[in-house]
$ cat coords16.csv   # CSV, C-alpha atoms and all ligand atoms
chain,number,residue,atom,x,y,z
A,1,MET,CA,20.1,2.9,5.0
A,2,GLU,CA,18.5,4.2,8.2
A,3,VAL,CA,15.8,2.8,10.4
A,4,VAL,CA,14.0,4.9,12.9
A,5,GLU,CA,11.7,3.9,15.8
A,6,VAL,CA,8.4,1.9,15.4
A,7,VAL,CA,5.2,3.5,16.7
A,8,GLU,CA,1.6,2.3,17.0
A,9,PHE,CA,1.9,-0.9,15.0
A,10,ASP,CA,1.0,-4.2,16.7
A,11,GLU,CA,3.6,-6.6,15.4
A,12,HIS,CA,2.9,-10.3,15.6
A,13,PRO,CA,5.9,-12.7,15.1
A,14,ALA,CA,4.0,-15.4,13.3
A,15,ARG,CA,1.7,-13.3,11.1
A,16,GLY,CA,4.5,-10.8,10.5
A,17,ARG,CA,6.8,-13.5,9.2
A,18,PHE,CA,4.0,-15.1,7.2
A,19,ASN,CA,3.0,-11.8,5.5
A,20,SER,CA,6.6,-11.0,4.7
A,21,ALA,CA,7.1,-14.4,3.1
A,22,PHE,CA,3.7,-14.3,1.4
A,23,PHE,CA,4.3,-11.0,-0.4
A,24,TRP,CA,7.9,-12.1,-1.2
A,25,VAL,CA,6.7,-15.4,-2.8
A,26,MET,CA,3.5,-14.0,-4.4
A,27,GLY,CA,4.9,-10.7,-5.4
A,28,GLY,CA,5.5,-11.6,-9.1
A,29,TYR,CA,2.0,-13.0,-9.5
A,30,ILE,CA,0.3,-10.0,-7.8
A,31,ASP,CA,2.4,-7.6,-9.9
A,32,TRP,CA,1.4,-9.5,-13.1
A,33,GLN,CA,-2.3,-8.9,-12.1
A,34,MET,CA,-1.8,-5.2,-11.3
A,35,ARG,CA,1.0,-4.3,-13.8
A,36,LYS,CA,-1.0,-2.4,-16.3
A,37,ASN,CA,-2.6,-0.1,-13.7
A,38,LYS,CA,0.6,0.3,-11.7
A,39,GLU,CA,2.4,1.3,-14.9
A,40,ALA,CA,-0.2,4.0,-15.5
A,41,ALA,CA,-0.4,5.2,-11.8
A,42,PHE,CA,3.4,5.1,-11.2
A,43,ALA,CA,4.5,6.6,-14.5
A,44,ASP,CA,7.1,9.4,-14.5
A,45,LEU,CA,7.8,9.4,-10.8
A,46,PRO,CA,10.4,11.9,-9.5
A,47,PRO,CA,13.9,10.7,-8.3
A,48,THR,CA,12.8,10.7,-4.6
A,49,VAL,CA,9.5,9.0,-3.7
A,50,VAL,CA,7.8,8.4,-0.3
A,51,GLU,CA,6.0,5.1,-0.1
A,52,LEU,CA,3.3,4.1,2.4
A,53,GLY,CA,3.6,0.4,3.5
A,54,SER,CA,6.4,-0.6,1.1
A,55,GLY,CA,6.2,-4.3,2.3
A,56,VAL,CA,9.0,-6.2,0.7
A,57,GLY,CA,9.5,-3.8,-2.2
A,58,ALA,CA,6.8,-4.6,-4.7
A,59,ASN,CA,6.9,-1.2,-6.3
A,60,MET,CA,10.7,-0.6,-6.7
A,61,ARG,CA,10.5,-1.8,-10.3
A,62,TYR,CA,8.3,1.3,-11.0
A,63,LEU,CA,10.8,3.8,-9.6
A,64,PRO,CA,13.2,5.7,-11.9
A,65,VAL,CA,16.7,4.4,-12.3
A,66,GLY,CA,18.9,5.4,-9.3
A,67,ALA,CA,15.8,6.5,-7.3
A,68,ARG,CA,15.7,7.2,-3.6
A,69,LEU,CA,12.8,5.6,-1.7
A,70,ILE,CA,11.6,6.7,1.7
A,71,ALA,CA,9.7,3.7,2.9
A,72,ILE,CA,7.0,4.3,5.6
A,73,GLU,CA,7.0,0.7,6.9
A,74,PRO,CA,6.2,0.0,10.5
A,75,ASN,CA,6.3,-3.8,10.2
A,76,THR,CA,9.9,-4.8,11.0
A,77,TYR,CA,9.3,-8.3,9.6
A,78,MET,CA,9.3,-6.6,6.1
A,79,HIS,CA,12.5,-4.8,6.5
A,80,THR,CA,15.1,-7.5,5.7
A,81,ARG,CA,13.4,-8.4,2.4
A,82,LEU,CA,12.7,-4.7,1.7
A,83,ARG,CA,16.5,-4.0,2.0
A,84,ARG,CA,17.2,-7.0,-0.2
A,85,SER,CA,14.9,-5.7,-2.9
A,86,ALA,CA,16.6,-2.3,-2.7
A,87,ARG,CA,20.0,-3.8,-3.2
A,88,SER,CA,19.0,-5.9,-6.2
A,89,ARG,CA,17.2,-2.9,-7.9
A,90,GLY,CA,19.9,-0.3,-7.0
A,91,VAL,CA,17.4,1.8,-5.0
A,92,ASP,CA,18.7,4.1,-2.3
A,93,LEU,CA,16.4,3.1,0.5
A,94,GLU,CA,15.6,4.9,3.8
A,95,ILE,CA,13.2,2.9,6.0
A,96,ARG,CA,11.1,4.9,8.5
A,97,GLY,CA,9.5,2.4,10.9
A,98,VAL,CA,6.5,4.7,11.6
A,99,VAL,CA,2.8,4.4,10.7
A,100,GLY,CA,1.3,6.4,7.9
A,101,GLU,CA,-1.0,8.0,10.4
A,102,ARG,CA,2.1,9.8,11.8
A,103,ILE,CA,4.7,10.3,9.1
A,104,ASP,CA,7.9,11.8,10.5
A,105,LEU,CA,8.6,14.0,7.5
A,106,PRO,CA,8.3,17.8,7.4
A,107,ASP,CA,5.4,19.6,5.8
A,108,ALA,CA,5.5,20.1,2.0
A,109,SER,CA,8.8,18.0,1.7
A,110,ALA,CA,7.8,15.4,-0.9
A,111,ASP,CA,7.1,15.5,-4.6
A,112,ALA,CA,5.4,12.2,-4.7
A,113,VAL,CA,3.9,9.6,-2.3
A,114,ILE,CA,2.8,6.2,-3.6
A,115,SER,CA,0.9,3.2,-2.2
A,116,SER,CA,-0.3,-0.2,-3.2
A,117,LEU,CA,-2.5,-2.4,-1.1
A,118,VAL,CA,-2.0,-0.4,2.0
A,119,LEU,CA,-5.0,1.8,2.8
A,120,CYS,CA,-6.9,-1.5,3.3
A,121,SER,CA,-4.6,-2.2,6.3
A,122,VAL,CA,-4.0,1.1,8.0
A,123,ARG,CA,-6.1,1.7,11.1
A,124,ASP,CA,-7.2,5.2,10.0
A,125,PRO,CA,-7.2,5.9,6.3
A,126,ASP,CA,-8.5,9.5,6.8
A,127,ALA,CA,-5.6,10.2,9.1
A,128,VAL,CA,-3.1,8.6,6.6
A,129,LEU,CA,-4.4,10.7,3.7
A,130,ALA,CA,-4.2,13.9,5.9
A,131,GLU,CA,-0.6,13.0,6.5
A,132,VAL,CA,0.0,12.4,2.8
A,133,ARG,CA,-1.4,15.9,2.0
A,134,ARG,CA,0.7,17.4,4.7
A,135,VAL,CA,4.0,16.0,3.5
A,136,LEU,CA,3.3,16.7,-0.2
A,137,ARG,CA,4.4,20.0,-1.6
A,138,PRO,CA,1.5,22.0,-3.3
A,139,GLY,CA,1.1,20.3,-6.6
A,140,GLY,CA,2.8,17.1,-5.5
A,141,ARG,CA,1.1,13.8,-6.3
A,142,PHE,CA,-0.2,10.8,-4.4
A,143,SER,CA,-0.4,7.8,-6.8
A,144,PHE,CA,-2.1,4.7,-5.6
A,145,THR,CA,-3.5,1.3,-6.5
A,146,GLU,CA,-5.6,-0.2,-3.8
A,147,HIS,CA,-8.2,-2.9,-3.4
A,148,VAL,CA,-11.7,-1.8,-2.4
A,149,ALA,CA,-15.2,-3.0,-1.5
A,150,ALA,CA,-17.1,-4.6,-4.4
A,151,LYS,CA,-20.5,-3.3,-5.5
A,152,ARG,CA,-23.3,-4.2,-3.1
A,153,GLY,CA,-25.2,-7.3,-3.9
A,154,THR,CA,-22.4,-9.0,-5.9
A,155,PRO,CA,-20.8,-12.4,-5.0
A,156,THR,CA,-17.5,-10.7,-4.5
A,157,ARG,CA,-19.1,-8.3,-2.0
A,158,TRP,CA,-20.7,-11.2,-0.1
A,159,THR,CA,-17.4,-13.0,0.0
A,160,GLN,CA,-15.7,-9.9,1.4
A,161,ARG,CA,-18.3,-9.8,4.1
A,162,ILE,CA,-18.2,-13.5,5.0
A,163,LEU,CA,-14.4,-13.7,5.1
A,164,ARG,CA,-13.8,-10.3,6.8
A,165,ARG,CA,-12.7,-11.7,10.2
A,166,PRO,CA,-10.3,-14.5,9.2
A,167,TRP,CA,-9.0,-12.3,6.4
A,168,ALA,CA,-8.2,-9.4,8.8
A,169,TRP,CA,-6.6,-11.9,11.2
A,170,ILE,CA,-4.3,-13.5,8.6
A,171,PHE,CA,-3.4,-10.3,6.7
A,172,GLU,CA,-2.8,-8.2,9.8
A,173,GLY,CA,-5.8,-5.9,9.8
A,174,CYS,CA,-6.6,-5.9,6.1
A,175,SER,CA,-10.2,-5.0,5.3
A,176,CYS,CA,-11.7,-5.8,1.9
A,177,GLU,CA,-14.8,-3.7,2.7
A,178,ARG,CA,-13.4,-0.1,2.4
A,179,ASP,CA,-14.8,2.4,-0.1
A,180,LEU,CA,-11.4,3.9,-0.6
A,181,ALA,CA,-12.4,5.9,-3.7
A,182,SER,CA,-14.8,7.9,-1.6
A,183,VAL,CA,-12.2,8.2,1.2
A,184,ILE,CA,-9.6,9.6,-1.2
A,185,ARG,CA,-12.1,11.9,-3.0
A,186,ALA,CA,-13.1,13.3,0.4
A,187,ALA,CA,-9.5,13.9,1.7
A,188,GLY,CA,-9.2,17.4,0.4
A,189,PHE,CA,-6.9,17.0,-2.6
A,190,THR,CA,-7.2,19.7,-5.3
A,191,ARG,CA,-7.8,17.0,-7.9
A,192,VAL,CA,-8.4,13.2,-8.0
A,193,ASP,CA,-8.4,11.0,-11.0
A,194,LEU,CA,-9.1,7.3,-10.5
A,195,ASP,CA,-10.4,4.3,-12.3
A,196,HIS,CA,-12.0,1.2,-10.9
A,197,TYR,CA,-10.7,-2.1,-12.3
A,198,ARG,CA,-10.9,-5.8,-11.6
A,199,ILE,CA,-8.2,-8.4,-11.3
A,200,HIS,CA,-8.9,-12.1,-11.8
A,201,SER,CA,-7.1,-13.9,-9.0
A,202,PRO,CA,-8.3,-16.9,-6.9
A,203,LEU,CA,-8.3,-14.6,-3.9
A,204,LEU,CA,-11.8,-13.3,-4.7
A,205,PRO,CA,-12.1,-10.7,-1.8
A,206,VAL,CA,-9.2,-8.6,-3.2
A,207,ASN,CA,-10.2,-8.6,-6.9
A,208,THR,CA,-11.9,-5.2,-7.0
A,209,HIS,CA,-9.4,-2.3,-7.3
A,210,ILE,CA,-8.9,1.4,-7.9
A,211,ALA,CA,-5.9,3.1,-9.3
A,212,GLY,CA,-5.1,6.8,-9.8
A,213,THR,CA,-3.5,10.0,-8.7
A,214,ALA,CA,-4.5,12.7,-6.3
A,215,ILE,CA,-2.9,16.2,-6.5
A,216,ALA,CA,-2.1,18.1,-3.3
B,1,LIG,C1,-0.8,-5.9,2.0
B,1,LIG,S1,0.8,-5.3,2.4
B,1,LIG,C2,1.2,-4.5,0.8
B,1,LIG,C3,2.7,-4.3,0.7
B,1,LIG,C4,3.2,-3.6,-0.6
B,1,LIG,N1,2.7,-2.2,-0.7
B,1,LIG,C5,2.7,-4.4,-1.8
B,1,LIG,O1,2.0,-3.9,-2.6
B,1,LIG,O2,3.1,-5.6,-1.9
B,1,LIG,C6,0.4,-3.9,3.4
B,1,LIG,C7,1.6,-3.2,4.0
B,1,LIG,O3,1.1,-2.0,4.7
B,1,LIG,C8,1.9,-2.0,5.9
B,1,LIG,N2,1.1,-1.2,6.9
B,1,LIG,C9,0.1,-1.7,7.7
B,1,LIG,N3,-0.3,-0.7,8.5
B,1,LIG,C10,0.3,0.4,8.2
B,1,LIG,C11,0.3,1.8,8.6
B,1,LIG,N4,-0.5,2.1,9.6
B,1,LIG,N5,1.1,2.6,8.1
B,1,LIG,C12,2.0,2.3,7.1
B,1,LIG,N6,2.1,1.0,6.6
B,1,LIG,C13,1.3,0.1,7.1
B,1,LIG,C14,2.1,-3.4,6.3
B,1,LIG,O4,3.2,-3.5,7.2
B,1,LIG,C15,2.4,-4.0,4.9
B,1,LIG,O5,3.7,-3.9,4.5
$ encode --input "coords16.csv" --output "structure tokens"
Amino acid sequence: MEVVEVVEFDEHPARGRFNSAFFWVMGGYIDWQMRKNKEAAFADLPPTVVELGSGVGANMRYLPVGARLIAIEPNTYMHTRLRRSARSRGVDLEIRGVVGERIDLPDASADAVISSLVLCSVRDPDAVLAEVRRVLRPGGRFSFTEHVAAKRGTPTRWTQRILRRPWAWIFEGCSCERDLASVIRAAGFTRVDLDHYRIHSPLLPVNTHIAGTAIA
């Protein structure tokens, strides 16, 4: 296991620890809500996968047996639990403590990049997607399941608007107001297939989702 330097991520000791513990404790419940769509998006992944914002390892269960995971995870408060998940799932983990806006991997070096609940939190989703395209080989896949802004005029959308500031503060920059389907479609992939779906959790602002795959 290797850890390289952290760049451009504002770590906060209390919120970093809280978020690490939150996703560790709530991981099973969140996975139960998203499982059907994750199973579809993350089906048939290759033996080596690059993941944006791996957190504490929510997606390791979707990797093939004996997989190698290159985790782009700038938040060091996630790393201990991420390593623990890798050990318990037999995943060969390499943590790269860099941001998705500046991935330290060569051009066209990855067969697959995955993400879940990450593009809501990155500072610059366009820059992250440009990096995903750069590191993917031609024909490589970006598979994602992300929460997005609800339709205008709906109670979910109002809630997303009203709670935006405390939500971003607690969840380290997370925005529930991003139209990530449009952002992914505009990112220059050769093909994008995605579906909108809804989960039914008490955390209303994160109930509207997309899942799919984009081909480089
Ligand atoms: C809401 S958590 C989701 C974690 C995990 N993917 C999951 O589904 O449980 C968002 C993750 O994105 C990471 N993150 C935030 N900004 C990032 C950036 N610019 N580049 C890469 N990861 C980032 C956070 O550290 C955190 O682990």
$ residues_near_ligand --input "coords16.csv" --ligand "ligand LIG 1 (chain B)" --cutoff "7 Å" --atoms "all atoms listed in the file" --output "list of chain:residue names"
A:Phe9, A:Phe23, A:Gly27, A:Leu52, A:Gly53, A:Ser54, A:Gly55, A:Val56, A:Gly57, A:Ala58, A:Asn59, A:Ile72, A:Glu73, A:Pro74, A:Asn75, A:Met78, A:Val98, A:Val99, A:Gly100, A:Glu101, A:Ser115, A:Ser116, A:Leu117, A:Val118, A:Ser121, A:Val122, A:Arg123, A:Phe171
$ residues_around --input "coords16.csv" --residues "A:Ser109" --least-positions-apart "6" --cutoff "9 Å" --atoms "all atoms listed in the file" --output "JSON, numbers by chain"
{"A": [134, 135, 136, 137]}
$ closest_residue --input "coords16.csv" --among "A:Leu180, A:Ile170, A:Val113, A:Met34" --to "A:Thr48" --atoms "all atoms listed in the file"
A:Val113
$ closest_atom_pairs --input "coords16.csv" --of "stretch 21-61 of chain A" --to "stretch 144-162 of chain A" --cutoff "10 Å" --atoms "all atoms listed in the file" --output "Markdown table"
| residue | atom | partner | partner_atom | distance |
| --- | --- | --- | --- | --- |
| A:Met34 | CA | A:Thr145 | CA | 8.3 |
| A:Asn37 | CA | A:Thr145 | CA | 7.4 |
| A:Lys38 | CA | A:Thr145 | CA | 6.7 |
| A:Ala40 | CA | A:Thr145 | CA | 10.0 |
| A:Ala41 | CA | A:Phe144 | CA | 6.4 |
| A:Phe42 | CA | A:Phe144 | CA | 7.9 |
| A:Glu51 | CA | A:Phe144 | CA | 9.8 |
| A:Leu52 | CA | A:Phe144 | CA | 9.7 |
$ atom_distance --input "coords16.csv" --atom1 "atom CA of A:Pro46" --atom2 "atom CA of A:Ala71"
14.9 Å
$ closest_residue --input "coords16.csv" --among "A:Gly188, A:Pro202, A:Pro47, A:Gly90" --to "A:Arg61" --atoms "all atoms listed in the file"
A:Gly90
$ residues_around --input "coords16.csv" --residues "A:Ile70" --least-positions-apart "4" --cutoff "8 Å" --atoms "only C-alpha atoms" --output "list in words"
Thr48, Val49, Val50, Glu51, Leu93, Glu94, Ile95 and Arg96 of chain A
$ closest_residue --input "coords16.csv" --among "A:Arg178, A:Met26, A:Arg165, A:Ile103" --to "A:Ser201" --atoms "only C-alpha atoms"
A:Met26
$ atom_distance --input "coords16.csv" --atom1 "atom CA of A:Leu105" --atom2 "atom CA of A:Pro64"
21.6 Å
$ closest_residue --input "coords16.csv" --among "A:Ala214, A:Arg102, A:Thr190, A:Phe18" --to "A:Ala127" --atoms "all atoms listed in the file"
A:Arg102
$ closest_residue --input "coords16.csv" --among "A:Gln33, A:Ser175, A:Ser182, A:Ser143" --to "A:Ala216" --atoms "only C-alpha atoms"
A:Ser143
$ closest_residue --input "coords16.csv" --among "A:Arg164, A:Ile215, A:Val206, A:Val91" --to "A:Ala112" --atoms "only C-alpha atoms"
A:Ile215
$ atom_distance --input "coords16.csv" --atom1 "atom CA of A:Ile184" --atom2 "atom CA of A:Pro125"
8.7 Å
$ residues_around --input "coords16.csv" --residues "A:Asp195" --least-positions-apart "3" --cutoff "9 Å" --atoms "all atoms listed in the file" --output "list of chain:residue names"
A:Ala181, A:His209, A:Ile210, A:Ala211, A:Gly212
$ residues_around --input "coords16.csv" --residues "A:Arg15" --least-positions-apart "4" --cutoff "9 Å" --atoms "all atoms listed in the file" --output "short mmCIF file (atom, residue, chain, number, x, y, z; two decimals) with C-alpha atoms, in the coordinates of the input"
data_model
loop_
_atom_site.label_atom_id
_atom_site.label_comp_id
_atom_site.auth_asym_id
_atom_site.auth_seq_id
_atom_site.Cartn_x
_atom_site.Cartn_y
_atom_site.Cartn_z
CA GLU A 11 3.60 -6.60 15.40
CA ASN A 19 3.00 -11.80 5.50
CA SER A 20 6.60 -11.00 4.70
CA TRP A 169 -6.60 -11.90 11.20
CA ILE A 170 -4.30 -13.50 8.60
CA PHE A 171 -3.40 -10.30 6.70
CA GLU A 172 -2.80 -8.20 9.80
#
$ decode --input "coords16.csv" --residues "stretch 98-135 of chain A" --atoms "N, CA and C atoms" --output "compact mmCIF listing (two decimals), in the first residue's frame"
# COMPACT_ATOMS: atom_id res chain seq x y z
N VAL A 98 -4.41 12.63 -3.74
CA VAL A 98 -4.51 13.82 -4.60
C VAL A 98 -5.98 14.06 -4.93
N VAL A 99 -6.26 15.25 -5.44
CA VAL A 99 -7.64 15.56 -5.83
C VAL A 99 -7.93 15.06 -7.24
N GLY A 100 -9.22 14.81 -7.50
CA GLY A 100 -9.62 14.35 -8.83
C GLY A 100 -9.37 15.38 -9.91
N GLU A 101 -9.22 16.63 -9.51
CA GLU A 101 -8.93 17.69 -10.49
C GLU A 101 -7.50 17.57 -11.01
N ARG A 102 -6.66 16.83 -10.29
CA ARG A 102 -5.26 16.66 -10.72
C ARG A 102 -4.79 15.26 -10.37
N ILE A 103 -5.20 14.32 -11.19
CA ILE A 103 -4.88 12.91 -10.92
C ILE A 103 -3.45 12.63 -11.39
N ASP A 104 -2.66 12.03 -10.50
CA ASP A 104 -1.25 11.81 -10.85
C ASP A 104 -1.05 10.44 -11.51
N LEU A 105 -1.81 10.20 -12.57
CA LEU A 105 -1.66 8.98 -13.36
C LEU A 105 -1.39 9.39 -14.81
N PRO A 106 -0.68 8.55 -15.56
CA PRO A 106 -0.38 8.91 -16.95
C PRO A 106 -1.63 8.92 -17.84
N ASP A 107 -1.52 9.59 -18.97
CA ASP A 107 -2.60 9.59 -19.97
C ASP A 107 -2.89 8.15 -20.40
N ALA A 108 -4.15 7.89 -20.68
CA ALA A 108 -4.59 6.63 -21.29
C ALA A 108 -4.06 5.40 -20.54
N SER A 109 -4.01 5.48 -19.21
CA SER A 109 -3.42 4.38 -18.43
C SER A 109 -4.46 3.53 -17.72
N ALA A 110 -5.75 3.91 -17.79
CA ALA A 110 -6.77 3.19 -17.01
C ALA A 110 -7.85 2.60 -17.91
N ASP A 111 -8.28 1.39 -17.54
CA ASP A 111 -9.40 0.77 -18.27
C ASP A 111 -10.73 1.25 -17.72
N ALA A 112 -10.76 1.54 -16.42
CA ALA A 112 -12.04 1.94 -15.81
C ALA A 112 -11.80 2.90 -14.66
N VAL A 113 -12.67 3.91 -14.59
CA VAL A 113 -12.72 4.83 -13.44
C VAL A 113 -14.14 4.76 -12.90
N ILE A 114 -14.26 4.73 -11.57
CA ILE A 114 -15.60 4.71 -10.99
C ILE A 114 -15.73 5.83 -9.96
N SER A 115 -16.99 6.19 -9.66
CA SER A 115 -17.24 7.12 -8.56
C SER A 115 -18.64 6.91 -8.03
N SER A 116 -18.80 7.16 -6.72
CA SER A 116 -20.15 7.26 -6.16
C SER A 116 -20.15 8.38 -5.14
N LEU A 117 -21.11 9.29 -5.27
CA LEU A 117 -21.32 10.38 -4.33
C LEU A 117 -20.08 11.25 -4.17
N VAL A 118 -19.41 11.54 -5.26
CA VAL A 118 -18.16 12.30 -5.23
C VAL A 118 -18.24 13.60 -6.02
N LEU A 119 -18.86 13.58 -7.20
CA LEU A 119 -18.89 14.79 -8.03
C LEU A 119 -19.69 15.91 -7.38
N CYS A 120 -20.47 15.56 -6.37
CA CYS A 120 -21.18 16.57 -5.56
C CYS A 120 -20.19 17.35 -4.69
N SER A 121 -19.05 16.76 -4.37
CA SER A 121 -18.13 17.32 -3.37
C SER A 121 -16.89 17.94 -3.96
N VAL A 122 -16.53 17.56 -5.19
CA VAL A 122 -15.29 18.11 -5.75
C VAL A 122 -15.49 19.59 -6.04
N ARG A 123 -14.39 20.35 -6.02
CA ARG A 123 -14.52 21.79 -6.27
C ARG A 123 -14.91 22.07 -7.71
N ASP A 124 -14.38 21.28 -8.66
CA ASP A 124 -14.56 21.60 -10.07
C ASP A 124 -14.89 20.32 -10.86
N PRO A 125 -16.18 19.98 -10.97
CA PRO A 125 -16.54 18.73 -11.65
C PRO A 125 -16.07 18.68 -13.10
N ASP A 126 -16.05 19.82 -13.81
CA ASP A 126 -15.57 19.81 -15.21
C ASP A 126 -14.10 19.38 -15.28
N ALA A 127 -13.31 19.94 -14.35
CA ALA A 127 -11.88 19.60 -14.35
C ALA A 127 -11.68 18.12 -13.98
N VAL A 128 -12.49 17.61 -13.06
CA VAL A 128 -12.37 16.20 -12.68
C VAL A 128 -12.71 15.30 -13.88
N LEU A 129 -13.77 15.64 -14.59
CA LEU A 129 -14.16 14.80 -15.73
C LEU A 129 -13.12 14.88 -16.86
N ALA A 130 -12.49 16.05 -17.01
CA ALA A 130 -11.42 16.15 -18.01
C ALA A 130 -10.26 15.23 -17.62
N GLU A 131 -9.97 15.15 -16.32
CA GLU A 131 -8.93 14.24 -15.84
C GLU A 131 -9.34 12.78 -16.03
N VAL A 132 -10.61 12.48 -15.80
CA VAL A 132 -11.08 11.11 -16.01
C VAL A 132 -10.88 10.72 -17.47
N ARG A 133 -11.25 11.61 -18.37
CA ARG A 133 -11.06 11.32 -19.81
C ARG A 133 -9.58 11.16 -20.14
N ARG A 134 -8.76 11.99 -19.53
CA ARG A 134 -7.32 11.93 -19.84
C ARG A 134 -6.71 10.60 -19.41
N VAL A 135 -7.08 10.11 -18.21
CA VAL A 135 -6.42 8.88 -17.72
C VAL A 135 -7.02 7.62 -18.32
